[in-house]
file model35.cif (mmCIF, C-alpha atoms)
data_query
loop_
_atom_site.label_atom_id
_atom_site.label_comp_id
_atom_site.auth_asym_id
_atom_site.auth_seq_id
_atom_site.Cartn_x
_atom_site.Cartn_y
_atom_site.Cartn_z
CA MET Q 21 -1.45 -10.69 -88.15
CA ALA Q 22 -1.47 -7.76 -90.55
CA GLU Q 23 -2.83 -10.07 -93.26
CA LYS Q 24 -5.61 -11.27 -90.94
CA GLN Q 25 -6.52 -7.67 -90.16
CA LYS Q 26 -6.68 -6.79 -93.86
CA ILE Q 27 -8.90 -9.79 -94.54
CA TYR Q 28 -11.18 -8.91 -91.62
CA GLY Q 29 -11.44 -5.35 -92.96
CA GLU Q 30 -12.94 -6.69 -96.18
CA LEU Q 31 -14.91 -9.58 -94.70
CA GLY Q 32 -16.23 -7.56 -91.77
CA ARG Q 33 -17.67 -4.90 -94.07
CA ARG Q 34 -19.62 -7.51 -96.04
CA LEU Q 35 -20.85 -9.28 -92.91
CA ASN Q 36 -22.07 -5.92 -91.59
CA VAL Q 37 -23.93 -5.08 -94.81
CA ILE Q 38 -25.66 -8.46 -94.60
CA TYR Q 39 -26.53 -7.69 -90.98
CA VAL Q 40 -28.02 -4.25 -91.64
CA TYR Q 41 -30.00 -5.60 -94.60
CA VAL Q 42 -31.52 -8.54 -92.74
CA ALA Q 43 -32.17 -6.45 -89.60
CA ASP Q 44 -33.59 -3.43 -91.52
CA VAL Q 45 -31.25 -0.98 -89.83
CA GLY Q 46 -28.80 1.65 -90.99
CA ASP Q 47 -28.40 2.04 -94.72
CA PHE Q 48 -30.13 -1.23 -95.66
CA LYS Q 49 -32.16 0.43 -98.41
CA LEU Q 50 -28.99 1.12 -100.40
CA TYR Q 51 -28.76 -2.58 -101.28
CA THR Q 52 -30.80 -4.93 -103.42
CA PRO Q 53 -31.47 -8.55 -102.53
CA GLU Q 54 -29.28 -9.55 -105.47
CA ARG Q 55 -26.36 -7.59 -104.01
CA ILE Q 56 -26.87 -9.19 -100.58
CA ILE Q 57 -26.72 -12.69 -102.12
CA GLU Q 58 -23.57 -11.64 -103.98
CA MET Q 59 -22.05 -10.43 -100.69
CA LYS Q 60 -22.85 -13.79 -99.12
CA ARG Q 61 -20.99 -15.56 -101.92
CA GLU Q 62 -18.03 -13.18 -101.65
CA SER Q 63 -17.94 -13.63 -97.86
CA ASP Q 64 -18.08 -17.41 -98.13
CA ARG Q 65 -15.29 -17.42 -100.68
CA GLN Q 66 -13.05 -15.21 -98.59
CA PHE Q 67 -13.82 -16.88 -95.27
CA PHE Q 68 -13.11 -20.37 -96.55
CA VAL Q 69 -10.04 -19.44 -98.61
CA TYR Q 70 -8.52 -18.21 -95.35
CA ARG Q 71 -10.06 -20.94 -93.21
CA PRO Q 72 -6.76 -21.73 -91.42
CA TYR Q 73 -6.81 -18.21 -89.95
CA TRP Q 74 -10.05 -18.88 -88.11
CA SER Q 75 -10.51 -21.09 -85.07
CA VAL Q 76 -12.94 -24.01 -85.13
CA SER Q 77 -15.21 -21.97 -82.86
CA THR Q 78 -15.13 -18.99 -85.23
CA GLU Q 79 -15.90 -21.22 -88.19
CA GLN Q 80 -18.95 -22.58 -86.37
CA LYS Q 81 -20.09 -19.06 -85.48
CA TYR Q 82 -19.68 -18.07 -89.15
CA LYS Q 83 -21.87 -20.98 -90.22
CA ASP Q 84 -24.44 -20.16 -87.51
CA TYR Q 85 -24.60 -16.53 -88.64
CA MET Q 86 -24.91 -17.37 -92.33
CA ASN Q 87 -27.59 -19.97 -91.57
CA ALA Q 88 -29.47 -17.33 -89.60
CA ALA Q 89 -29.19 -14.86 -92.49
CA PHE Q 90 -29.84 -17.23 -95.40
CA SER Q 91 -31.60 -20.40 -96.45
CA THR Q 92 -29.40 -22.31 -98.83
CA TYR Q 93 -29.99 -25.30 -101.08
CA VAL Q 94 -33.52 -24.16 -101.87
CA GLY Q 95 -33.54 -25.99 -105.20
CA PRO Q 96 -31.24 -26.92 -108.07
CA GLY Q 97 -29.68 -23.82 -109.58
CA LEU Q 98 -31.52 -21.46 -107.25
CA ALA Q 99 -29.79 -18.74 -105.26
CA ALA Q 100 -29.89 -18.70 -101.49
CA ARG Q 101 -32.84 -16.89 -99.98
CA ILE Q 102 -32.62 -14.18 -97.36
CA ASN Q 103 -34.11 -15.02 -93.97
CA ALA Q 104 -35.98 -11.76 -93.59
CA SER Q 105 -39.30 -10.13 -94.20
CA LYS Q 106 -39.57 -7.91 -97.24
CA PHE Q 107 -42.22 -5.68 -95.60
CA GLU Q 108 -39.84 -3.01 -94.23
CA LYS Q 109 -37.83 -3.00 -97.41
CA VAL Q 110 -40.85 -2.53 -99.67
CA ALA Q 111 -42.20 0.24 -97.43
CA THR Q 112 -38.86 2.05 -97.36
CA TYR Q 113 -38.45 1.91 -101.11
CA GLY Q 114 -41.87 3.50 -101.49
CA GLN Q 115 -40.97 6.40 -99.18
CA ASP Q 116 -37.98 7.62 -101.13
CA GLY Q 117 -39.46 7.24 -104.59
CA THR Q 118 -37.49 4.21 -105.69
CA LYS Q 119 -39.42 1.29 -107.05
CA TRP Q 120 -39.46 -2.19 -105.55
CA ASP Q 121 -38.84 -4.82 -108.22
CA LYS Q 122 -41.46 -7.58 -107.84
CA LYS Q 123 -38.89 -10.22 -108.83
CA TRP Q 124 -37.12 -9.47 -105.52
CA ASP Q 125 -40.06 -11.01 -103.61
CA ASP Q 126 -38.66 -14.48 -104.27
CA TYR Q 127 -35.40 -13.64 -102.48
CA PHE Q 128 -37.07 -13.70 -99.05
CA THR Q 129 -38.15 -16.55 -96.78
CA GLU Q 130 -40.31 -14.23 -94.64
CA ARG Q 131 -38.73 -15.92 -91.59
CA VAL Q 132 -36.43 -14.17 -89.15
CA ASP Q 133 -34.05 -15.92 -86.75
CA PRO Q 134 -34.82 -14.46 -83.30
CA PHE Q 135 -31.13 -14.78 -82.36
CA PHE Q 136 -29.77 -13.16 -85.52
CA GLU Q 137 -28.25 -10.12 -83.78
CA ARG Q 138 -26.62 -12.27 -81.11
CA LYS Q 139 -25.12 -14.56 -83.77
CA TYR Q 140 -23.70 -11.56 -85.61
CA ASN Q 141 -22.15 -10.14 -82.45
CA GLU Q 142 -20.67 -13.49 -81.46
CA LEU Q 143 -19.17 -13.94 -84.92
CA VAL Q 144 -17.61 -10.49 -85.01
CA SER Q 145 -16.13 -10.98 -81.54
CA ALA Q 146 -14.72 -14.38 -82.52
CA ILE Q 147 -13.19 -13.11 -85.77
CA LEU Q 148 -11.62 -10.15 -83.97
CA ALA Q 149 -10.14 -12.49 -81.33
CA ASP Q 150 -8.66 -14.64 -84.11
CA THR Q 151 -7.42 -11.54 -85.92
CA VAL Q 152 -5.21 -10.46 -83.01
CA SER Q 153 -3.83 -13.98 -82.59
CA ALA Q 154 -0.83 -15.13 -84.60
CA LYS Q 155 -2.18 -18.70 -84.63
CA VAL Q 156 -2.90 -20.46 -87.89
CA ARG Q 157 -5.00 -23.61 -87.76
CA SER Q 158 -3.80 -26.79 -89.41
CA LEU Q 159 -6.52 -28.34 -91.54
CA SER Q 160 -6.97 -32.06 -91.87
CA SER Q 161 -9.74 -34.23 -93.22
CA LYS Q 162 -11.18 -34.59 -89.70
CA ASP Q 163 -11.76 -30.78 -89.63
CA ASP Q 164 -14.15 -30.96 -92.59
#

call {"tool": "encode", "arguments": {"input": "model35.cif", "output": "structure tokens"}}
result
Amino acid sequence: MAEKQKIYGELGRRLNVIYVYVADVGDFKLYTPERIIEMKRESDRQFFVYRPYWSVSTEQKYKDYMNAAFSTYVGPGLAARINASKFEKVATYGQDGTKWDKKWDDYFTERVDPFFERKYNELVSAILADTVSAKVRSLSSKDD
């Protein structure tokens, strides 16, 4: 269980940064779209390396959250796009004197999942429930 808690400490921080960025809350302006995409990749790597730690339900909630936050497979060799509007981000950058990089425009879908916050909360609750459980899931080809 201590290992699960350590993993959640790292994973949970990244999932929260993705949340604040997409939702335009907290310290979202400290991050660039490139860093958010990088955090998605790091989260995916860590979540799926430790997949046996997470219940089937938690895995589905993880996928639901990431699908709410990102559009993937947008074209060969292209990075995922963030399901958010850039409006708040551009406006905030202008207020504190930092400059918005026009190349960042392409990182956004300009669509927001209306259930994004709920999906985040459900995921965090599910991961925390798995974290305090000593269970480890056996993976088989039917789980894929």

call {"tool": "resolve_selection", "arguments": {"input": "model35.cif", "expression": "the PyMOL selection byres ((chain Q and resi 35) around 9)", "output": "ChimeraX atom specification"}}
result
/Q:30-34,36-40,59-60,63,140,144

call {"tool": "write_last_selection", "arguments": {"input": "model35.cif", "atoms": "C-alpha atoms", "output": "compact mmCIF listing (two decimals), in the frame of the given file"}}
result
# COMPACT_ATOMS: atom_id res chain seq x y z
CA GLU Q 30 -12.94 -6.69 -96.18
CA LEU Q 31 -14.91 -9.58 -94.70
CA GLY Q 32 -16.23 -7.56 -91.77
CA ARG Q 33 -17.67 -4.90 -94.07
CA ARG Q 34 -19.62 -7.51 -96.04
CA ASN Q 36 -22.07 -5.92 -91.59
CA VAL Q 37 -23.93 -5.08 -94.81
CA ILE Q 38 -25.66 -8.46 -94.60
CA TYR Q 39 -26.53 -7.69 -90.98
CA VAL Q 40 -28.02 -4.25 -91.64
CA MET Q 59 -22.05 -10.43 -100.69
CA LYS Q 60 -22.85 -13.79 -99.12
CA SER Q 63 -17.94 -13.63 -97.86
CA TYR Q 140 -23.70 -11.56 -85.61
CA VAL Q 144 -17.61 -10.49 -85.01

call {"tool": "resolve_selection", "arguments": {"input": "model35.cif", "expression": "the PyMOL selection byres ((chain Q and resi 44-57) around 8)", "output": "list of chain:residue names"}}
result
Q:Val37, Q:Ile38, Q:Val40, Q:Tyr41, Q:Val42, Q:Ala43, Q:Glu58, Q:Met59, Q:Lys60, Q:Arg61, Q:Ala99, Q:Ala100, Q:Arg101, Q:Ile102, Q:Glu108, Q:Lys109, Q:Thr112, Q:Tyr113, Q:Trp124, Q:Tyr127

call {"tool": "closest_residue", "arguments": {"input": "model35.cif", "among": "Q:Tyr73, Q:Tyr93, Q:Phe128, Q:Glu137", "to": "Q:Ala22", "atoms": "only C-alpha atoms"}}
result
Q:Tyr73

call {"tool": "closest_residue", "arguments": {"input": "model35.cif", "among": "Q:Val69, Q:Val94, Q:Val76, Q:Ala88", "to": "Q:Asp133", "atoms": "all atoms listed in the file"}}
result
Q:Ala88

call {"tool": "atom_distance", "arguments": {"input": "model35.cif", "atom1": "atom CA of Q:Leu159", "atom2": "atom CA of Q:Gln66"}}
result
16.3 Å

call {"tool": "resolve_selection", "arguments": {"input": "model35.cif", "expression": "the PyMOL selection byres ((chain Q and resi 143) around 8)", "output": "ChimeraX atom specification"}}
result
/Q:78,81-82,85,139-142,144-147

call {"tool": "atom_distance", "arguments": {"input": "model35.cif", "atom1": "atom CA of Q:Val152", "atom2": "atom CA of Q:Phe67"}}
result
16.3 Å

call {"tool": "residues_around", "arguments": {"input": "model35.cif", "residues": "Q:Glu23", "least_positions_apart": "4", "cutoff": "12 Å", "atoms": "all atoms listed in the file", "output": "list of chain:residue names"}}
result
Q:Ile27, Q:Tyr28, Q:Gly29, Q:Glu30, Q:Tyr70, Q:Tyr73, Q:Asp150, Q:Thr151, Q:Val152, Q:Ser153, Q:Ala154, Q:Val156

call {"tool": "atom_distance", "arguments": {"input": "model35.cif", "atom1": "atom CA of Q:Asn103", "atom2": "atom CA of Q:Glu79"}}
result
20.1 Å
